[in-house]
file data31.cif (mmCIF, N, CA and C atoms and all ligand atoms)
data_coords
loop_
_atom_site.label_atom_id
_atom_site.label_comp_id
_atom_site.auth_asym_id
_atom_site.auth_seq_id
_atom_site.Cartn_x
_atom_site.Cartn_y
_atom_site.Cartn_z
N MET A 1 0.84 -1.19 0.00
CA MET A 1 0.00 0.00 0.00
C MET A 1 0.88 1.25 0.00
N ILE A 2 0.48 2.24 -0.77
CA ILE A 2 1.20 3.52 -0.81
C ILE A 2 0.30 4.58 -0.22
N VAL A 3 0.83 5.30 0.77
CA VAL A 3 0.07 6.39 1.38
C VAL A 3 0.76 7.71 1.06
N VAL A 4 0.02 8.64 0.50
CA VAL A 4 0.57 9.98 0.25
C VAL A 4 0.16 10.88 1.40
N ALA A 5 1.15 11.37 2.13
CA ALA A 5 0.86 12.23 3.28
C ALA A 5 0.61 13.64 2.78
N SER A 6 -0.67 14.04 2.72
CA SER A 6 -0.98 15.36 2.17
C SER A 6 -0.39 16.47 3.05
N TYR A 7 -0.26 16.22 4.35
CA TYR A 7 0.34 17.24 5.23
C TYR A 7 1.76 17.57 4.75
N VAL A 8 2.51 16.53 4.41
CA VAL A 8 3.89 16.72 3.94
C VAL A 8 3.89 17.31 2.53
N LEU A 9 3.06 16.73 1.66
CA LEU A 9 2.98 17.20 0.27
C LEU A 9 2.66 18.70 0.21
N HIS A 10 1.71 19.12 1.04
CA HIS A 10 1.25 20.51 1.00
C HIS A 10 2.21 21.48 1.68
N ARG A 11 3.27 20.95 2.29
CA ARG A 11 4.25 21.81 2.96
C ARG A 11 5.67 21.52 2.50
N HIS A 12 5.78 20.88 1.33
CA HIS A 12 7.11 20.46 0.86
C HIS A 12 7.88 21.65 0.26
N ARG A 13 9.13 21.80 0.72
CA ARG A 13 9.93 22.94 0.27
C ARG A 13 10.21 22.92 -1.23
N ALA A 14 10.22 21.71 -1.81
CA ALA A 14 10.50 21.61 -3.25
C ALA A 14 9.30 22.07 -4.09
N LEU A 15 8.12 22.16 -3.45
CA LEU A 15 6.90 22.48 -4.21
C LEU A 15 6.32 23.85 -3.89
N TRP A 16 6.63 24.37 -2.69
CA TRP A 16 5.97 25.60 -2.23
C TRP A 16 6.98 26.63 -1.75
N ARG A 17 6.70 27.89 -2.07
CA ARG A 17 7.48 28.99 -1.49
C ARG A 17 6.89 29.29 -0.12
N ALA A 18 7.71 29.53 0.87
CA ALA A 18 7.25 29.77 2.25
C ALA A 18 6.22 28.71 2.64
N PRO A 19 6.62 27.42 2.62
CA PRO A 19 5.64 26.34 2.80
C PRO A 19 4.91 26.35 4.14
N GLY A 20 5.49 26.98 5.16
CA GLY A 20 4.84 26.99 6.47
C GLY A 20 3.86 28.13 6.66
N SER A 21 3.75 29.00 5.66
CA SER A 21 2.90 30.19 5.81
C SER A 21 1.49 29.95 5.29
N PHE A 22 0.53 30.53 5.99
CA PHE A 22 -0.85 30.53 5.49
C PHE A 22 -0.95 31.68 4.49
N ASP A 23 -1.03 31.38 3.21
CA ASP A 23 -0.99 32.41 2.18
C ASP A 23 -1.99 32.08 1.07
N PRO A 24 -3.26 32.44 1.27
CA PRO A 24 -4.27 32.13 0.25
C PRO A 24 -3.97 32.75 -1.11
N ASN A 25 -3.12 33.80 -1.14
CA ASN A 25 -2.80 34.45 -2.41
C ASN A 25 -2.13 33.50 -3.40
N ARG A 26 -1.53 32.43 -2.89
CA ARG A 26 -0.87 31.52 -3.83
C ARG A 26 -1.87 30.80 -4.75
N PHE A 27 -3.14 30.87 -4.39
CA PHE A 27 -4.16 30.22 -5.22
C PHE A 27 -4.94 31.21 -6.09
N LEU A 28 -4.58 32.48 -6.01
CA LEU A 28 -5.34 33.50 -6.73
C LEU A 28 -4.73 33.83 -8.09
N GLY A 29 -5.60 34.13 -9.05
CA GLY A 29 -5.17 34.62 -10.36
C GLY A 29 -4.15 33.71 -11.03
N ASP A 30 -3.13 34.34 -11.63
CA ASP A 30 -2.13 33.58 -12.38
C ASP A 30 -1.26 32.72 -11.48
N ALA A 31 -1.15 33.09 -10.19
CA ALA A 31 -0.30 32.33 -9.27
C ALA A 31 -0.74 30.86 -9.25
N ARG A 32 -2.01 30.66 -9.42
CA ARG A 32 -2.58 29.31 -9.39
C ARG A 32 -2.01 28.42 -10.51
N ASN A 33 -1.69 29.05 -11.66
CA ASN A 33 -1.20 28.27 -12.81
C ASN A 33 0.18 27.67 -12.57
N SER A 34 0.92 28.22 -11.61
CA SER A 34 2.27 27.71 -11.37
C SER A 34 2.27 26.53 -10.38
N ILE A 35 1.10 26.18 -9.87
CA ILE A 35 1.02 25.05 -8.93
C ILE A 35 0.93 23.74 -9.72
N ASP A 36 1.84 22.84 -9.42
CA ASP A 36 1.84 21.54 -10.12
C ASP A 36 0.51 20.80 -9.88
N ARG A 37 0.04 20.12 -10.90
CA ARG A 37 -1.24 19.41 -10.84
C ARG A 37 -1.33 18.46 -9.64
N PHE A 38 -0.18 17.90 -9.24
CA PHE A 38 -0.21 16.90 -8.16
C PHE A 38 0.45 17.41 -6.86
N ALA A 39 0.60 18.73 -6.76
CA ALA A 39 1.21 19.30 -5.56
C ALA A 39 0.18 19.59 -4.47
N TYR A 40 -1.08 19.78 -4.87
CA TYR A 40 -2.11 20.14 -3.91
C TYR A 40 -3.30 19.20 -4.10
N LEU A 41 -3.47 18.28 -3.14
CA LEU A 41 -4.49 17.24 -3.31
C LEU A 41 -5.39 17.13 -2.07
N PRO A 42 -6.09 18.21 -1.72
CA PRO A 42 -6.92 18.15 -0.52
C PRO A 42 -8.05 17.12 -0.63
N PHE A 43 -8.45 16.80 -1.85
CA PHE A 43 -9.53 15.84 -2.04
C PHE A 43 -9.04 14.52 -2.63
N GLY A 44 -7.73 14.30 -2.56
CA GLY A 44 -7.16 13.09 -3.14
C GLY A 44 -7.07 13.21 -4.65
N VAL A 45 -6.84 12.09 -5.30
CA VAL A 45 -6.71 12.09 -6.76
C VAL A 45 -6.96 10.68 -7.28
N GLY A 46 -7.31 10.58 -8.53
CA GLY A 46 -7.50 9.26 -9.13
C GLY A 46 -8.89 8.72 -8.93
N PRO A 47 -9.07 7.40 -9.10
CA PRO A 47 -10.41 6.81 -9.08
C PRO A 47 -11.13 6.94 -7.73
N ARG A 48 -10.40 7.15 -6.62
CA ARG A 48 -11.05 7.28 -5.31
C ARG A 48 -11.09 8.73 -4.84
N ILE A 49 -10.98 9.65 -5.77
CA ILE A 49 -11.04 11.08 -5.40
C ILE A 49 -12.37 11.38 -4.70
N CYS A 50 -12.36 12.32 -3.79
CA CYS A 50 -13.55 12.67 -3.01
C CYS A 50 -14.74 13.00 -3.93
N ILE A 51 -15.85 12.35 -3.70
CA ILE A 51 -17.02 12.63 -4.54
C ILE A 51 -17.75 13.90 -4.08
N GLY A 52 -17.38 14.39 -2.89
CA GLY A 52 -18.06 15.58 -2.37
C GLY A 52 -17.27 16.86 -2.58
N ALA A 53 -16.19 16.80 -3.38
CA ALA A 53 -15.28 17.95 -3.52
C ALA A 53 -16.00 19.22 -3.99
N ALA A 54 -16.76 19.11 -5.07
CA ALA A 54 -17.42 20.31 -5.62
C ALA A 54 -18.43 20.86 -4.61
N PHE A 55 -19.18 19.95 -3.96
CA PHE A 55 -20.15 20.38 -2.96
C PHE A 55 -19.45 21.06 -1.79
N ALA A 56 -18.34 20.44 -1.32
CA ALA A 56 -17.62 20.98 -0.15
C ALA A 56 -17.08 22.38 -0.44
N ILE A 57 -16.54 22.59 -1.64
CA ILE A 57 -15.99 23.91 -1.99
C ILE A 57 -17.12 24.94 -2.09
N GLN A 58 -18.22 24.53 -2.70
CA GLN A 58 -19.34 25.46 -2.83
C GLN A 58 -19.92 25.81 -1.45
N GLU A 59 -20.09 24.80 -0.63
CA GLU A 59 -20.64 25.02 0.71
C GLU A 59 -19.73 25.93 1.53
N ALA A 60 -18.42 25.65 1.51
CA ALA A 60 -17.48 26.46 2.28
C ALA A 60 -17.48 27.91 1.78
N SER A 61 -17.52 28.10 0.46
CA SER A 61 -17.52 29.45 -0.10
C SER A 61 -18.74 30.23 0.37
N ILE A 62 -19.90 29.58 0.35
CA ILE A 62 -21.14 30.25 0.75
C ILE A 62 -21.12 30.57 2.25
N VAL A 63 -20.72 29.59 3.06
CA VAL A 63 -20.72 29.80 4.51
C VAL A 63 -19.73 30.89 4.90
N ILE A 64 -18.52 30.84 4.33
CA ILE A 64 -17.50 31.85 4.67
C ILE A 64 -17.96 33.23 4.20
N ALA A 65 -18.53 33.31 2.98
CA ALA A 65 -19.00 34.61 2.48
C ALA A 65 -20.08 35.18 3.40
N MET A 66 -21.00 34.33 3.87
CA MET A 66 -22.08 34.81 4.74
C MET A 66 -21.53 35.29 6.08
N ILE A 67 -20.57 34.55 6.63
CA ILE A 67 -19.98 34.96 7.91
C ILE A 67 -19.21 36.27 7.75
N MET A 68 -18.37 36.35 6.71
CA MET A 68 -17.52 37.53 6.54
C MET A 68 -18.33 38.79 6.20
N ARG A 69 -19.52 38.57 5.62
CA ARG A 69 -20.38 39.71 5.30
C ARG A 69 -20.88 40.41 6.56
N HIS A 70 -21.08 39.63 7.62
CA HIS A 70 -21.69 40.19 8.82
C HIS A 70 -20.73 40.37 9.99
N PHE A 71 -19.59 39.66 9.96
CA PHE A 71 -18.71 39.67 11.12
C PHE A 71 -17.25 39.85 10.72
N THR A 72 -16.44 40.35 11.65
CA THR A 72 -14.99 40.28 11.50
C THR A 72 -14.49 39.29 12.55
N LEU A 73 -13.48 38.53 12.20
CA LEU A 73 -12.93 37.52 13.09
C LEU A 73 -11.46 37.84 13.36
N GLU A 74 -11.08 37.70 14.62
CA GLU A 74 -9.71 38.00 15.00
C GLU A 74 -9.28 36.96 16.03
N MET A 75 -8.07 36.49 15.91
CA MET A 75 -7.58 35.51 16.90
C MET A 75 -7.61 36.16 18.29
N ALA A 76 -8.02 35.41 19.30
CA ALA A 76 -8.01 35.91 20.67
C ALA A 76 -6.57 36.19 21.08
N PRO A 77 -6.35 37.25 21.86
CA PRO A 77 -4.99 37.59 22.27
C PRO A 77 -4.33 36.41 22.96
N GLY A 78 -3.08 36.16 22.61
CA GLY A 78 -2.31 35.10 23.25
C GLY A 78 -2.52 33.72 22.66
N SER A 79 -3.46 33.59 21.73
CA SER A 79 -3.68 32.26 21.15
C SER A 79 -3.04 32.18 19.77
N SER A 80 -2.52 30.99 19.45
CA SER A 80 -1.99 30.78 18.10
C SER A 80 -2.28 29.33 17.72
N PRO A 81 -2.65 29.08 16.46
CA PRO A 81 -3.05 27.73 16.08
C PRO A 81 -1.87 26.76 16.05
N TRP A 82 -2.15 25.53 16.45
CA TRP A 82 -1.13 24.49 16.39
C TRP A 82 -1.80 23.24 15.78
N PRO A 83 -1.22 22.69 14.70
CA PRO A 83 -1.89 21.59 14.01
C PRO A 83 -1.83 20.27 14.76
N VAL A 84 -2.97 19.58 14.80
CA VAL A 84 -3.05 18.24 15.38
C VAL A 84 -3.70 17.33 14.34
N LEU A 85 -3.08 16.19 14.08
CA LEU A 85 -3.64 15.28 13.07
C LEU A 85 -4.43 14.17 13.75
N LYS A 86 -5.76 14.19 13.56
CA LYS A 86 -6.64 13.13 14.06
C LYS A 86 -7.57 12.75 12.92
N VAL A 87 -7.15 11.89 12.05
CA VAL A 87 -7.83 11.57 10.79
C VAL A 87 -7.84 12.82 9.90
N THR A 88 -8.48 13.89 10.39
CA THR A 88 -8.35 15.16 9.68
C THR A 88 -7.49 16.10 10.53
N LEU A 89 -6.99 17.14 9.87
CA LEU A 89 -6.14 18.10 10.57
C LEU A 89 -7.02 19.12 11.28
N ARG A 90 -6.68 19.43 12.53
CA ARG A 90 -7.47 20.41 13.27
C ARG A 90 -6.58 21.20 14.21
N PRO A 91 -7.04 22.39 14.65
CA PRO A 91 -6.20 23.18 15.56
C PRO A 91 -6.32 22.67 16.99
N LYS A 92 -5.17 22.50 17.64
CA LYS A 92 -5.17 22.04 19.03
C LYS A 92 -5.90 23.06 19.91
N GLY A 93 -6.87 22.57 20.68
CA GLY A 93 -7.61 23.46 21.58
C GLY A 93 -8.59 24.38 20.86
N GLY A 94 -8.86 24.10 19.58
CA GLY A 94 -9.80 24.94 18.83
C GLY A 94 -9.18 26.25 18.39
N LEU A 95 -10.01 27.17 17.97
CA LEU A 95 -9.55 28.48 17.50
C LEU A 95 -10.26 29.57 18.29
N PRO A 96 -9.75 29.92 19.47
CA PRO A 96 -10.40 30.99 20.23
C PRO A 96 -10.34 32.30 19.44
N MET A 97 -11.51 32.90 19.19
CA MET A 97 -11.54 34.10 18.36
C MET A 97 -12.43 35.17 18.95
N ILE A 98 -12.16 36.39 18.56
CA ILE A 98 -13.05 37.50 18.90
C ILE A 98 -13.89 37.78 17.66
N VAL A 99 -15.21 37.70 17.84
CA VAL A 99 -16.14 37.90 16.73
C VAL A 99 -16.84 39.24 16.93
N ARG A 100 -16.74 40.09 15.91
CA ARG A 100 -17.41 41.41 16.00
C ARG A 100 -18.36 41.58 14.83
N ARG A 101 -19.52 42.13 15.13
CA ARG A 101 -20.49 42.43 14.06
C ARG A 101 -19.97 43.62 13.26
N ARG A 102 -20.05 43.54 11.93
CA ARG A 102 -19.57 44.65 11.08
C ARG A 102 -20.48 45.85 11.21
C1 LIG B 1 -13.50 20.05 2.81
C2 LIG B 1 -14.22 18.93 2.73
C3 LIG B 1 -13.69 17.59 2.27
C4 LIG B 1 -12.41 17.16 2.14
C5 LIG B 1 -11.10 17.92 2.41
C6 LIG B 1 -12.48 15.79 1.66
C7 LIG B 1 -11.38 14.99 1.40
C8 LIG B 1 -11.45 13.68 0.95
C9 LIG B 1 -10.30 12.84 0.70
C10 LIG B 1 -8.84 13.26 0.86
C11 LIG B 1 -10.76 11.64 0.30
C12 LIG B 1 -9.92 10.40 -0.06
C13 LIG B 1 -9.56 10.43 -1.54
C14 LIG B 1 -8.59 9.33 -1.88
O1 LIG B 1 -8.70 8.22 -1.33
O2 LIG B 1 -7.71 9.56 -2.71
C15 LIG B 1 -12.21 11.71 0.30
C16 LIG B 1 -13.04 10.67 -0.05
C17 LIG B 1 -14.41 10.72 -0.03
N1 LIG B 1 -15.18 11.82 0.26
FE1 LIG B 1 -14.49 13.63 0.83
N2 LIG B 1 -13.80 15.43 1.51
C18 LIG B 1 -14.56 16.50 1.86
C19 LIG B 1 -15.95 16.58 1.82
C20 LIG B 1 -16.78 15.57 1.42
C21 LIG B 1 -18.24 15.68 1.31
C22 LIG B 1 -19.04 16.95 1.60
C23 LIG B 1 -18.70 14.47 0.92
C24 LIG B 1 -20.10 13.99 0.64
C25 LIG B 1 -21.10 14.84 0.38
C26 LIG B 1 -17.55 13.59 0.76
C27 LIG B 1 -17.59 12.28 0.38
C28 LIG B 1 -16.50 11.47 0.18
C29 LIG B 1 -16.59 10.07 -0.20
C30 LIG B 1 -17.88 9.24 -0.40
C31 LIG B 1 -15.28 9.61 -0.34
C32 LIG B 1 -14.83 8.20 -0.74
C33 LIG B 1 -14.68 8.14 -2.24
C34 LIG B 1 -14.18 6.74 -2.68
O3 LIG B 1 -13.47 6.10 -1.91
O4 LIG B 1 -14.53 6.35 -3.80
N3 LIG B 1 -16.40 14.30 1.08
N4 LIG B 1 -12.60 12.96 0.70
#

call {"tool": "encode", "arguments": {"input": "data31.cif", "output": "C-alpha cells", "more": "lines below"}}
Ligand code: HEM
result
Amino acid sequence: MIVVASYVLHRHRALWRAPGSFDPNRFLGDARNSIDRFAYLPFGVGPRICIGAAFAIQEASIVIAMIMRHFTLEMAPGSSPWPVLKVTLRPKGGLPMIVRRR
C-alpha cells in the first residue's frame, strides 16, 4: 500500500514557497497556474477522489462569504493555532476568536 501524506505534500519545500505560511494568495489569479497538478491534493486524486469535492468547496464558499459579510474575526490575544492530526487536521484546543459584528 502507498500512502501519500498530504500534510507533507502541501508543505514540501520543493513544491511551495514559504511552505509553512498561510498564504491564500498563492491560489489567486495567475499564481494558481504555477502550482503543479499533483502538488495540492486536498480531495485526493485518481479513481477514489472525493465525490463531495465540488459540494464541499461550494458550501465552504457560501458559509464563509455569509460569515464575513456580517462579522470580522480576529484571533483571541495570546492564542496561536497548532496543528493536530486526528484523521483530519485540526487546531489544538480549537480556534479561540473574537467575533465582532460589522
Ligand atoms: C473540505 C471537505 C472535504 C475534504 C477535504 C475531503 C477529502 C477527501 C479525501 C482526501 C478523500 C480520499 C480520496 C482518496 O482516497 O484519494 C475523500 C473521499 C471521499 N469523500 Fe471527501 N472530503 C470533503 C468533503 C466531502 C463531502 C461533503 C462528501 C459527501 C457529500 C464527501 C464524500 C466522500 C466520499 C464518499 C469519499 C470516498 C470516495 C471513494 O473512496 O470512492 N467528502 N474525501

call {"tool": "select_by_dssp", "arguments": {"input": "data31.cif", "residues": "chain A", "states": "alpha helix (DSSP H)", "output": "PyMOL selection string"}}
result
chain A and resi 6-9+53-70

call {"tool": "write_last_selection", "arguments": {"input": "data31.cif", "atoms": "N, CA and C atoms", "output": "mmCIF file, keeping the file's coordinate frame"}}
result
data_model
loop_
_atom_site.group_PDB
_atom_site.id
_atom_site.type_symbol
_atom_site.label_atom_id
_atom_site.label_comp_id
_atom_site.auth_asym_id
_atom_site.auth_seq_id
_atom_site.Cartn_x
_atom_site.Cartn_y
_atom_site.Cartn_z
ATOM 1 N N SER A 6 -0.670 14.040 2.720
ATOM 2 C CA SER A 6 -0.980 15.360 2.170
ATOM 3 C C SER A 6 -0.390 16.470 3.050
ATOM 4 N N TYR A 7 -0.260 16.220 4.350
ATOM 5 C CA TYR A 7 0.340 17.240 5.230
ATOM 6 C C TYR A 7 1.760 17.570 4.750
ATOM 7 N N VAL A 8 2.510 16.530 4.410
ATOM 8 C CA VAL A 8 3.890 16.720 3.940
ATOM 9 C C VAL A 8 3.890 17.310 2.530
ATOM 10 N N LEU A 9 3.060 16.730 1.660
ATOM 11 C CA LEU A 9 2.980 17.200 0.270
ATOM 12 C C LEU A 9 2.660 18.700 0.210
ATOM 13 N N ALA A 53 -16.190 16.800 -3.380
ATOM 14 C CA ALA A 53 -15.280 17.950 -3.520
ATOM 15 C C ALA A 53 -16.000 19.220 -3.990
ATOM 16 N N ALA A 54 -16.760 19.110 -5.070
ATOM 17 C CA ALA A 54 -17.420 20.310 -5.620
ATOM 18 C C ALA A 54 -18.430 20.860 -4.610
ATOM 19 N N PHE A 55 -19.180 19.950 -3.960
ATOM 20 C CA PHE A 55 -20.150 20.380 -2.960
ATOM 21 C C PHE A 55 -19.450 21.060 -1.790
ATOM 22 N N ALA A 56 -18.340 20.440 -1.320
ATOM 23 C CA ALA A 56 -17.620 20.980 -0.150
ATOM 24 C C ALA A 56 -17.080 22.380 -0.440
ATOM 25 N N ILE A 57 -16.540 22.590 -1.640
ATOM 26 C CA ILE A 57 -15.990 23.910 -1.990
ATOM 27 C C ILE A 57 -17.120 24.940 -2.090
ATOM 28 N N GLN A 58 -18.220 24.530 -2.700
ATOM 29 C CA GLN A 58 -19.340 25.460 -2.830
ATOM 30 C C GLN A 58 -19.920 25.810 -1.450
ATOM 31 N N GLU A 59 -20.090 24.800 -0.630
ATOM 32 C CA GLU A 59 -20.640 25.020 0.710
ATOM 33 C C GLU A 59 -19.730 25.930 1.530
ATOM 34 N N ALA A 60 -18.420 25.650 1.510
ATOM 35 C CA ALA A 60 -17.480 26.460 2.280
ATOM 36 C C ALA A 60 -17.480 27.910 1.780
ATOM 37 N N SER A 61 -17.520 28.100 0.460
ATOM 38 C CA SER A 61 -17.520 29.450 -0.100
ATOM 39 C C SER A 61 -18.740 30.230 0.370
ATOM 40 N N ILE A 62 -19.900 29.580 0.350
ATOM 41 C CA ILE A 62 -21.140 30.250 0.750
ATOM 42 C C ILE A 62 -21.120 30.570 2.250
ATOM 43 N N VAL A 63 -20.720 29.590 3.060
ATOM 44 C CA VAL A 63 -20.720 29.800 4.510
ATOM 45 C C VAL A 63 -19.730 30.890 4.900
ATOM 46 N N ILE A 64 -18.520 30.840 4.330
ATOM 47 C CA ILE A 64 -17.500 31.850 4.670
ATOM 48 C C ILE A 64 -17.960 33.230 4.200
ATOM 49 N N ALA A 65 -18.530 33.310 2.980
ATOM 50 C CA ALA A 65 -19.000 34.610 2.480
ATOM 51 C C ALA A 65 -20.080 35.180 3.400
ATOM 52 N N MET A 66 -21.000 34.330 3.870
ATOM 53 C CA MET A 66 -22.080 34.810 4.740
ATOM 54 C C MET A 66 -21.530 35.290 6.080
ATOM 55 N N ILE A 67 -20.570 34.550 6.630
ATOM 56 C CA ILE A 67 -19.980 34.960 7.910
ATOM 57 C C ILE A 67 -19.210 36.270 7.750
ATOM 58 N N MET A 68 -18.370 36.350 6.710
ATOM 59 C CA MET A 68 -17.520 37.530 6.540
ATOM 60 C C MET A 68 -18.330 38.790 6.200
ATOM 61 N N ARG A 69 -19.520 38.570 5.620
ATOM 62 C CA ARG A 69 -20.380 39.710 5.300
ATOM 63 C C ARG A 69 -20.880 40.410 6.560
ATOM 64 N N HIS A 70 -21.080 39.630 7.620
ATOM 65 C CA HIS A 70 -21.690 40.190 8.820
ATOM 66 C C HIS A 70 -20.730 40.370 9.990
#

call {"tool": "atom_distance", "arguments": {"input": "data31.cif", "atom1": "atom C of A:Lys86", "atom2": "atom C18 of ligand LIG 1 (chain B)"}}
result
13.6 Å

call {"tool": "residues_near_ligand", "arguments": {"input": "data31.cif", "ligand": "ligand LIG 1 (chain B)", "cutoff": "6 Å", "atoms": "all atoms listed in the file", "output": "list in words"}}
result
Leu41, Pro42, Phe43, Gly44, Val45, Gly46, Pro47, Arg48, Ile49, Cys50, Ile51, Gly52, Ala53, Phe55, Ala56 and Ile57 of chain A

call {"tool": "closest_residue", "arguments": {"input": "data31.cif", "among": "A:Met68, A:Pro83, A:Gln58, A:Pro77", "to": "A:Arg102", "atoms": "only N, CA and C atoms"}}
result
A:Met68

call {"tool": "closest_residue", "arguments": {"input": "data31.cif", "among": "A:Thr72, A:Asn33, A:Ser79, A:Ser6", "to": "A:Arg101", "atoms": "all atoms listed in the file"}}
result
A:Thr72

call {"tool": "atom_distance", "arguments": {"input": "data31.cif", "atom1": "atom C of A:Ala39", "atom2": "atom N of A:Pro81"}}
result
23.2 Å

call {"tool": "atom_distance", "arguments": {"input": "data31.cif", "atom1": "atom CA of A:Arg26", "atom2": "atom C of A:Leu95"}}
result
24.1 Å

call {"tool": "residues_around", "arguments": {"input": "data31.cif", "residues": "A:Gly94", "least_positions_apart": "2", "cutoff": "12 Å", "atoms": "only C-alpha atoms", "output": "list in words"}}
result
Met75, Ala76, Ser79, Ser80, Pro81, Trp82, Pro83, Val84, Leu89, Arg90, Pro91, Lys92, Pro96 and Met97 of chain A

call {"tool": "select_by_dssp", "arguments": {"input": "data31.cif", "residues": "chain A", "states": "strand (DSSP E or B)", "output": "PyMOL selection string"}}
result
chain A and resi 71-75+83-86+88-91+97-101

call {"tool": "axis_aligned_box", "arguments": {"input": "data31.cif", "around": "stretch 83-93 of chain A", "padding_each_side": "6 Å", "output": "JSON"}}
result
{"center_x": -4.9, "center_y": 18.0, "center_z": 15.6, "size_x": 19.4, "size_y": 24.8, "size_z": 23.9}

call {"tool": "closest_residue", "arguments": {"input": "data31.cif", "among": "A:Ser21, A:Ala14, A:Leu28, A:Arg100", "to": "A:Arg69", "atoms": "only C-alpha atoms"}}
result
A:Arg100

call {"tool": "build_atoms", "arguments": {"input": "data31.cif", "residues": "stretch 72-78 of chain A", "atoms": "all heavy atoms", "output": "compact mmCIF listing (two decimals), keeping the file's coordinate frame"}}
result
# COMPACT_ATOMS: atom_id res chain seq x y z
N THR A 72 -16.44 40.35 11.65
CA THR A 72 -14.99 40.28 11.50
C THR A 72 -14.49 39.29 12.55
O THR A 72 -15.03 39.22 13.65
CB THR A 72 -14.30 41.64 11.71
OG1 THR A 72 -14.58 42.10 13.03
CG2 THR A 72 -14.76 42.66 10.68
N LEU A 73 -13.48 38.53 12.20
CA LEU A 73 -12.93 37.52 13.09
C LEU A 73 -11.46 37.84 13.36
O LEU A 73 -10.72 38.19 12.45
CB LEU A 73 -13.02 36.12 12.46
CG LEU A 73 -14.39 35.66 11.97
CD1 LEU A 73 -14.28 34.33 11.26
CD2 LEU A 73 -15.35 35.56 13.13
N GLU A 74 -11.08 37.70 14.62
CA GLU A 74 -9.71 38.00 15.00
C GLU A 74 -9.28 36.96 16.03
O GLU A 74 -10.08 36.60 16.90
CB GLU A 74 -9.72 39.40 15.64
CG GLU A 74 -8.38 40.03 15.85
CD GLU A 74 -8.58 41.36 16.61
OE1 GLU A 74 -9.54 42.08 16.30
OE2 GLU A 74 -7.80 41.60 17.53
N MET A 75 -8.07 36.49 15.91
CA MET A 75 -7.58 35.51 16.90
C MET A 75 -7.61 36.16 18.29
O MET A 75 -7.25 37.33 18.44
CB MET A 75 -6.15 35.07 16.58
CG MET A 75 -6.02 34.18 15.35
SD MET A 75 -6.83 32.59 15.51
CE MET A 75 -5.85 31.81 16.78
N ALA A 76 -8.02 35.41 19.30
CA ALA A 76 -8.01 35.91 20.67
C ALA A 76 -6.57 36.19 21.08
O ALA A 76 -5.66 35.45 20.70
CB ALA A 76 -8.65 34.89 21.60
N PRO A 77 -6.35 37.25 21.86
CA PRO A 77 -4.99 37.59 22.27
C PRO A 77 -4.33 36.41 22.96
O PRO A 77 -4.94 35.73 23.78
CB PRO A 77 -5.19 38.75 23.25
CG PRO A 77 -6.53 39.30 22.93
CD PRO A 77 -7.35 38.18 22.41
N GLY A 78 -3.08 36.16 22.61
CA GLY A 78 -2.31 35.10 23.25
C GLY A 78 -2.52 33.72 22.66
O GLY A 78 -1.86 32.77 23.05
